[in-house]
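Notes to accompany the following structure.
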Number of protein chains: 2
Amino acid sequence: MADMTKIVLDEAELPTHWYNVVADLPVPPPPPLHPGTHEPIGPEALAPLFPMGLIEQEVSAARYIEIPEAVREVYKLWRPAPLYRARNLERHLDTPAKIYFKYEGVSPAGSHKPNTAVPQAYYNAAEGVQRLTTETGAGQWGSALAFATAQFGLGCEVWQVAASFTQKPYRASMMRVWGAEVHSSPSELTAAGRAILAEHPDSPGSLGIAISEAVEAAMADEDTKYALGSVLNHVLLHQTVIGEEALLQLAQTGDTPDLIVGCTGGGSNFAGLFFPFLREKFAGRMDPHILAVEPSACPSLTKGEYRYDFGDVAGMTPLMKMHTLGHDFVPDPIHAGGLRYHGMSPLLSHMYELGLFEAEAIDQTHCFEAAITFARTQGIVPAPEPTHAIAAAIREAEACKDTGEEKVILTALCGHGHFDMAAYDAYLSGQLVDHDYSREAVADAMRRVPVIEEA
Amino acid sequence: MADMTKIVLDEAELPTHWYNVVADLPVPPPPPLHPGTHEPIGPEALAPLFPMGLIEQEVSAARYIEIPEAVREVYKLWRPAPLYRARNLERHLDTPAKIYFKYEGVSPAGSHKPNTAVPQAYYNAAEGVQRLTTETGAGQWGSALAFATAQFGLGCEVWQVAASFTQKPYRASMMRVWGAEVHSSPSELTAAGRAILAEHPDSPGSLGIAISEAVEAAMADEDTKYALGSVLNHVLLHQTVIGEEALLQLAQTGDTPDLIVGCTGGGSNFAGLFFPFLREKFAGRMDPHILAVEPSACPSLTKGEYRYDFGDVAGMTPLMKMHTLGHDFVPDPIHAGGLRYHGMSPLLSHMYELGLFEAEAIDQTHCFEAAITFARTQGIVPAPEPTHAIAAAIREAEACKDTGEEKVILTALCGHGHFDMAAYDAYLSGQLVDHDYSREAVADAMRRVPVIEEA
C-alpha cells in the first residue's frame, strides 16, 4: 500500500460519530455572554434561532456524538472523501517530505461546508422547521445550505452580500438550481436591509449586514430558523468527519503526521481536520506539530486580541471570547472570501491560548503562486482559501529538501476553485496585489469592542 | 453490499488495458479515404498530425491494448471514478427501477475528456513532440488537454471559438492555470484565421475554423502535433476505461444492466461506457439494451445520412464514413456545446448500422428539467451534455413505475456543470428555448458532401 496516490474508503467505513474535542480539553472554554447583561447565557437563549438538536451539541461535553443515519446517507453522496498523497508535487519540489491532502472539493457544493449544512438541515427538519435562512459572501456556505435543505425538503432563503451577488453570479445560480431563494443584501425584505438602503442606496453590503437580515427573517417566522456555516462549536463538531476519515486513511499508509496545516477563517475546516489527530496526540499515539494559516489581510489569530466580542457587525449576537480584530473591522477585499471574518471560532481561540496549535499569516500573491504549482502538478485547481495551507505545506517541504528530513505533512484541500477563476485571471495577469491589515483600522475597531470584567 | 450508494474501487483495481471493440465486430469498419483521390489511406497519411503510438491504436485490430504505466499514474489523480446508485432520484420518482451512473466529473478538468487527453499527451511526449495544438468550443476539451500536457511537460496551444472565448472566459482561465496558451479563433496567428478575419472582422468563429487553425499551426512546426478530443478510434479506445471500471463496480452490486444510455456528440463518452458491456453481451453474459441520446438540434444519428464526409468545415481531413448532417451544417446554439458536432464517430456510425445500439433525440428544455430533478435529489449539478442521458434514464425509470419492472439502468454522467451555470440561469428564468434542426439547412449542407462511389 506504500505507493498509493489516492486512498479511498468504502462507504461502510464512513465514520459513525463526530468527535467533540471539548471533552478532552484540560480547561473548559469560557461561556458566551448575554450582549446586554454580560452574564453567561444558557442554551435556551439560542432557541429562537437554532433547533434543540444543535443547541445540545453546541454545549455538549460528550466525547462522541453519533451521526444520525439520515445524515450519513446524505454524506454518502460524496463521503468518504479521498486522501491524496501529492506525489507529483513532491517530485516537482524534489523533497524527501511526504505531502498528504484531504480533498473536500468532491462534495456537490465543492467544499467542506456541506459536512455541517447537512446535519443542520437534518436537525431542523426533525424538529418541524420549514425553512432556513442564512447569509453568504462569495457563496460557498449559501450553496452548501441550498444543497442540504433540498435533501430534507426544507425551504432555504439566502442573503448574499451585494458585491458578490453582482460580480460572482454563478454561486447564486447554483443555489437556485437546488431550489433556494437568493437575495442581494442589503434588501428591501428586512428592516435591517431597508435601513441601510435608505442611507446608502448603492451599498455593496457586508457579511455583517447579511447576517442581520437573515437573523431578522428567521426571528419573524415561527417555522423558520437560522443557520451559521462556521465559528460555532456544533459546526466544528460536524467537520470532524474530515479528520476521522483522514486518520483511517493515513493508517493505511503506515505514516503518521509530523505537521498538520490548515487554513483558517472562522476555523471550521482546520478544526475538522486536526481535532481527531489532537485526540491521538493527547493519547500519546502521535505528536504532530499543528499550524493554522490565515491571510495577512485578516490575521485574527496572529494579530487580534483575545477578548469578548460580538460575532456580527450590529452587535446582535452573544458575546464570545475569541481572537478578534474588532467586530466592525472590514478587511481589504482579498480573493479568499471565506477567510475574511473578523474573529476566530471561540473554541479554537481558547485552544490557541492553551498552546495546542500555532498560527501564521501569508499574503495572497504567495498563496496563488503555490496554487499554480499545485494545479500544474496535482491537477486540481484549489479554491483561494486552501491555497494558504498549500503555500505553508510547500514551504515546509522545501525546507525538508535542505535538512533531508522525511517529514509527513498533512493538509486539507477544503474546496475547488471552479467558481474563483477570476482570481486566477487576476494573478496570472499580474493584477493581484497583497493587502496587509491596517493597524489603524483594527485599533479603531477594537475601541468599539465592549470591555468585559471577567468573573 | 446491496445497499450501497457509491461504489468505489481502490487504485489497485484501475484497469490495465483499454478494450478495442473493433476486434469483436462481425464486419470491419470502412476505411478513411484521401480527401483528394478518394482512395483508402494508410496510417502514414496521419503521421504529420499524430504520433505513431496513437496511429497504431487508430488502426489496431488487437482486442486489448495495455495502458502505459505513466498514463495509469496520471489516471490515479482521479480514477477509478465512482459509480453511483441514484437512490434519492429513484425514491423521488417512486420507481422500482435501479439507476446507476458512472461519474466522470471528478477529473481535474471536470469531464471524461482527460481519459484520452492524458494518453495523447503521453504518446506525443514519448516520441519527442514538444507541443500540442487543438481547438475547443466551450472549453471542455481544451482544458482537458491543458491539464494533460502539464503532466508531461508539453506546451499546449488552444484555439477557442471566439464566441465562447468571449462569453465563457473561465474555461480559458483554467487552461492558463495549467500553463496553456489560449487564442480566440479566428486569430491573426494563422493563414486560415487571417483569411476569415479579412472577410469577417467580427467573426464569432466556429469549431471548423478553430480546427483549421490548430491543424495549420501543428503542420507549421516539426516539434508540434495536433490532438483531437472525440470521433477517432483511439479516442474511443481510451474512453473504455470508463466501462471497464463500471463493469467491476456493477459486479459488486450483483446487478447487470438492462439498459445502458449515454449522450452522444462525437460519441466518445457513450462508446467508452458501453463498449466493454457490449463485449460481455457478445459473450452472452448479459443482454443490455443500448441507447444513444443526441440533441434535437443536432441529430446526426437519427436524422443524418450514413455517407463519406469530412470531419471539418474546410474539408481538410480525410473522408470518413459516418452519420452526418453535412460538414458545413451549423446547428443552432444550444447549451450542450459538446454535442454540436455535424457528424458521428465513424466507428459508432458503423456499429449503429450493424444494429448494435439504438438512438433518439431530445430537446434541451426537457434535458434541463431532468437536470434540475437530478441536482435536487443527487446533489451533483450535471453538465448540459449528460442531461440528455439523464432525461432518457428518468423517462425509462418512470415507465417502470407503470410496468412494475425492476429494470437496471446504467448511464454516464460525463461531467459537472460548474462552468455552465449561465445555461441553468436561462432555464430557470424561462429564457431557454428548444431548437429543432433545420431540414433545409441540412439538405443544403448535404449537397456539399462529396458523392463517393464505394468499391
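Please note that chains go A, B, ... in the order of the C-alpha cells, that every chain numbers its residues from 1, and that ligands are numbered from 1 in the order shown.
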For region 280-291 of chain A, list every protein, DNA or RNA residue within 12 Å, evaluated using only C-alpha atoms, and leave out those in the same chain fewer than 5 positions away; present the list as a ChimeraX atom specification. /A:19,21,23-26,243-244,247,251,255-264,267,270-271,273-275,301-302,348,351-352,355-361,388-390,392-393,396,407-412
Put those residues in a file: C-alpha atoms, as an mmCIF file, in the first residue's frame.
```cif
data_model
loop_
_atom_site.group_PDB
_atom_site.id
_atom_site.type_symbol
_atom_site.label_atom_id
_atom_site.label_comp_id
_atom_site.auth_asym_id
_atom_site.auth_seq_id
_atom_site.Cartn_x
_atom_site.Cartn_y
_atom_site.Cartn_z
ATOM 1 C CA TYR A 19 -15.597 13.877 17.855
ATOM 2 C CA VAL A 21 -12.718 17.941 21.429
ATOM 3 C CA ALA A 23 -14.352 16.571 26.297
ATOM 4 C CA ASP A 24 -10.568 16.290 26.205
ATOM 5 C CA LEU A 25 -9.501 19.855 26.950
ATOM 6 C CA PRO A 26 -7.661 20.495 30.238
ATOM 7 C CA GLY A 243 -10.203 14.222 10.389
ATOM 8 C CA GLU A 244 -11.771 10.895 11.401
ATOM 9 C CA LEU A 247 -6.979 9.080 10.396
ATOM 10 C CA ALA A 251 -3.258 4.488 8.902
ATOM 11 C CA ASP A 255 2.593 7.172 8.039
ATOM 12 C CA THR A 256 1.805 9.438 10.996
ATOM 13 C CA PRO A 257 1.784 13.209 10.507
ATOM 14 C CA ASP A 258 4.680 15.362 11.679
ATOM 15 C CA LEU A 259 2.876 18.528 10.602
ATOM 16 C CA ILE A 260 -0.845 19.249 10.165
ATOM 17 C CA VAL A 261 -1.561 22.524 8.438
ATOM 18 C CA GLY A 262 -4.901 24.128 7.543
ATOM 19 C CA CYS A 263 -6.300 27.493 6.513
ATOM 20 C CA THR A 264 -8.434 29.459 8.957
ATOM 21 C CA GLY A 267 -11.763 27.868 11.584
ATOM 22 C CA PHE A 270 -8.922 23.400 10.104
ATOM 23 C CA ALA A 271 -10.638 22.196 13.267
ATOM 24 C CA LEU A 273 -9.077 18.112 10.135
ATOM 25 C CA PHE A 274 -6.967 18.306 13.278
ATOM 26 C CA PHE A 275 -9.281 17.648 16.248
ATOM 27 C CA LEU A 301 -5.157 34.732 15.433
ATOM 28 C CA THR A 302 -1.749 36.284 14.890
ATOM 29 C CA LEU A 348 -10.221 27.407 18.528
ATOM 30 C CA MET A 351 -7.250 26.138 22.285
ATOM 31 C CA TYR A 352 -4.769 28.583 20.756
ATOM 32 C CA GLY A 355 -0.880 26.354 23.166
ATOM 33 C CA LEU A 356 -2.457 23.447 21.322
ATOM 34 C CA PHE A 357 -1.547 24.811 17.891
ATOM 35 C CA GLU A 358 0.419 27.620 16.256
ATOM 36 C CA ALA A 359 -0.548 30.184 13.648
ATOM 37 C CA GLU A 360 0.941 32.355 10.945
ATOM 38 C CA ALA A 361 -0.298 34.698 8.207
ATOM 39 C CA HIS A 388 -2.922 29.365 2.312
ATOM 40 C CA ALA A 389 -2.349 25.884 3.696
ATOM 41 C CA ILE A 390 -0.771 24.712 0.428
ATOM 42 C CA ALA A 392 2.795 26.655 4.002
ATOM 43 C CA ALA A 393 2.992 22.956 3.123
ATOM 44 C CA GLU A 396 7.857 23.166 4.814
ATOM 45 C CA LYS A 407 8.595 14.886 7.261
ATOM 46 C CA VAL A 408 4.971 13.727 6.826
ATOM 47 C CA ILE A 409 2.821 16.774 6.096
ATOM 48 C CA LEU A 410 -0.976 16.575 6.189
ATOM 49 C CA THR A 411 -3.150 19.358 4.868
ATOM 50 C CA ALA A 412 -6.777 19.933 3.904
#
```
Give me, as a ChimeraX atom specification, the contact residues of chain A against chain B at a cut-off of 7 Å, counting only C-alpha atoms. /A:5-6,8,10,76,106,108,147,150-151,170,173-174,177-178,372,375-377,379-380,418,421,425
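For the residues B:Gly337, B:Pro29, B:Gly53, B:Pro15, ranking by smallest atom-to-atom distance to Ile67 (chain B) using only C-alpha atoms places B:Pro15 first.
If you measure from each of B:Pro318, B:Pro43, B:Gly272, B:Gly128 to Val59 (chain B) using only C-alpha atoms, the closest one turns out to be B:Pro43.
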Could you tell me how far CA of Asp332 (chain B) lies from CA of Val215 (chain B), in Å and to one decimal? 25.1 Å
Please provide the set of residues having any atom within 9 Å of Met52 (chain A), restricted to only C-alpha atoms, with same-chain residues fewer than 3 positions apart removed, written as a PyMOL selection string. chain A and resi 43-44+46-47+55-57+123-124+127
Name the residues of region 88-202 of chain A that fall into alpha helix (DSSP H) according to DSSP on the backbone, using the chain letters and numbers of this document, as a PyMOL selection string. chain A and resi 88-93+114-126+140-151+162-167+169-177+191-199
Gap from CA of Met344 (chain B) to CA of Pro28 (chain B) - Å, one decimal: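 We find that CA of Met344 (chain B) and CA of Pro28 (chain B) lie 17.0 Å from each other.
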What lies within 7 Å of Glu385 (chain B) using only C-alpha atoms, ignoring chain neighbours under 6 positions off, as a ChimeraX atom specification? /B:263,336,338-339
Write out as a list of chain:residue names which residues come within 6 Å of region 113-120 of chain A when counting only C-alpha atoms, dropping same-chain ones fewer than 2 positions away. A:Val71, A:Ser111, A:Tyr122, A:Tyr123, A:Trp141, A:Ala144, A:Leu145, A:Ala148, A:Val235, A:His238, A:Gln239
Can you spit out the residues from that selection as a PDB file, in the first residue's frame, using C-alpha atoms?
```
ATOM      1  CA  VAL A  71     -27.148  12.380   7.758  1.00  0.00           C
ATOM      2  CA  SER A 111     -16.214  22.496  -0.376  1.00  0.00           C
ATOM      3  CA  TYR A 122     -31.464  17.413   9.295  1.00  0.00           C
ATOM      4  CA  TYR A 123     -31.902  18.589  12.917  1.00  0.00           C
ATOM      5  CA  TRP A 141     -21.842  28.457   2.501  1.00  0.00           C
ATOM      6  CA  ALA A 144     -23.888  24.210   0.739  1.00  0.00           C
ATOM      7  CA  LEU A 145     -27.048  25.047   2.683  1.00  0.00           C
ATOM      8  CA  ALA A 148     -28.577  20.386   2.183  1.00  0.00           C
ATOM      9  CA  VAL A 235     -20.132  23.428  13.211  1.00  0.00           C
ATOM     10  CA  HIS A 238     -19.647  18.247  12.318  1.00  0.00           C
ATOM     11  CA  GLN A 239     -16.433  18.940  10.429  1.00  0.00           C
TER      12      GLN A 239
END
```
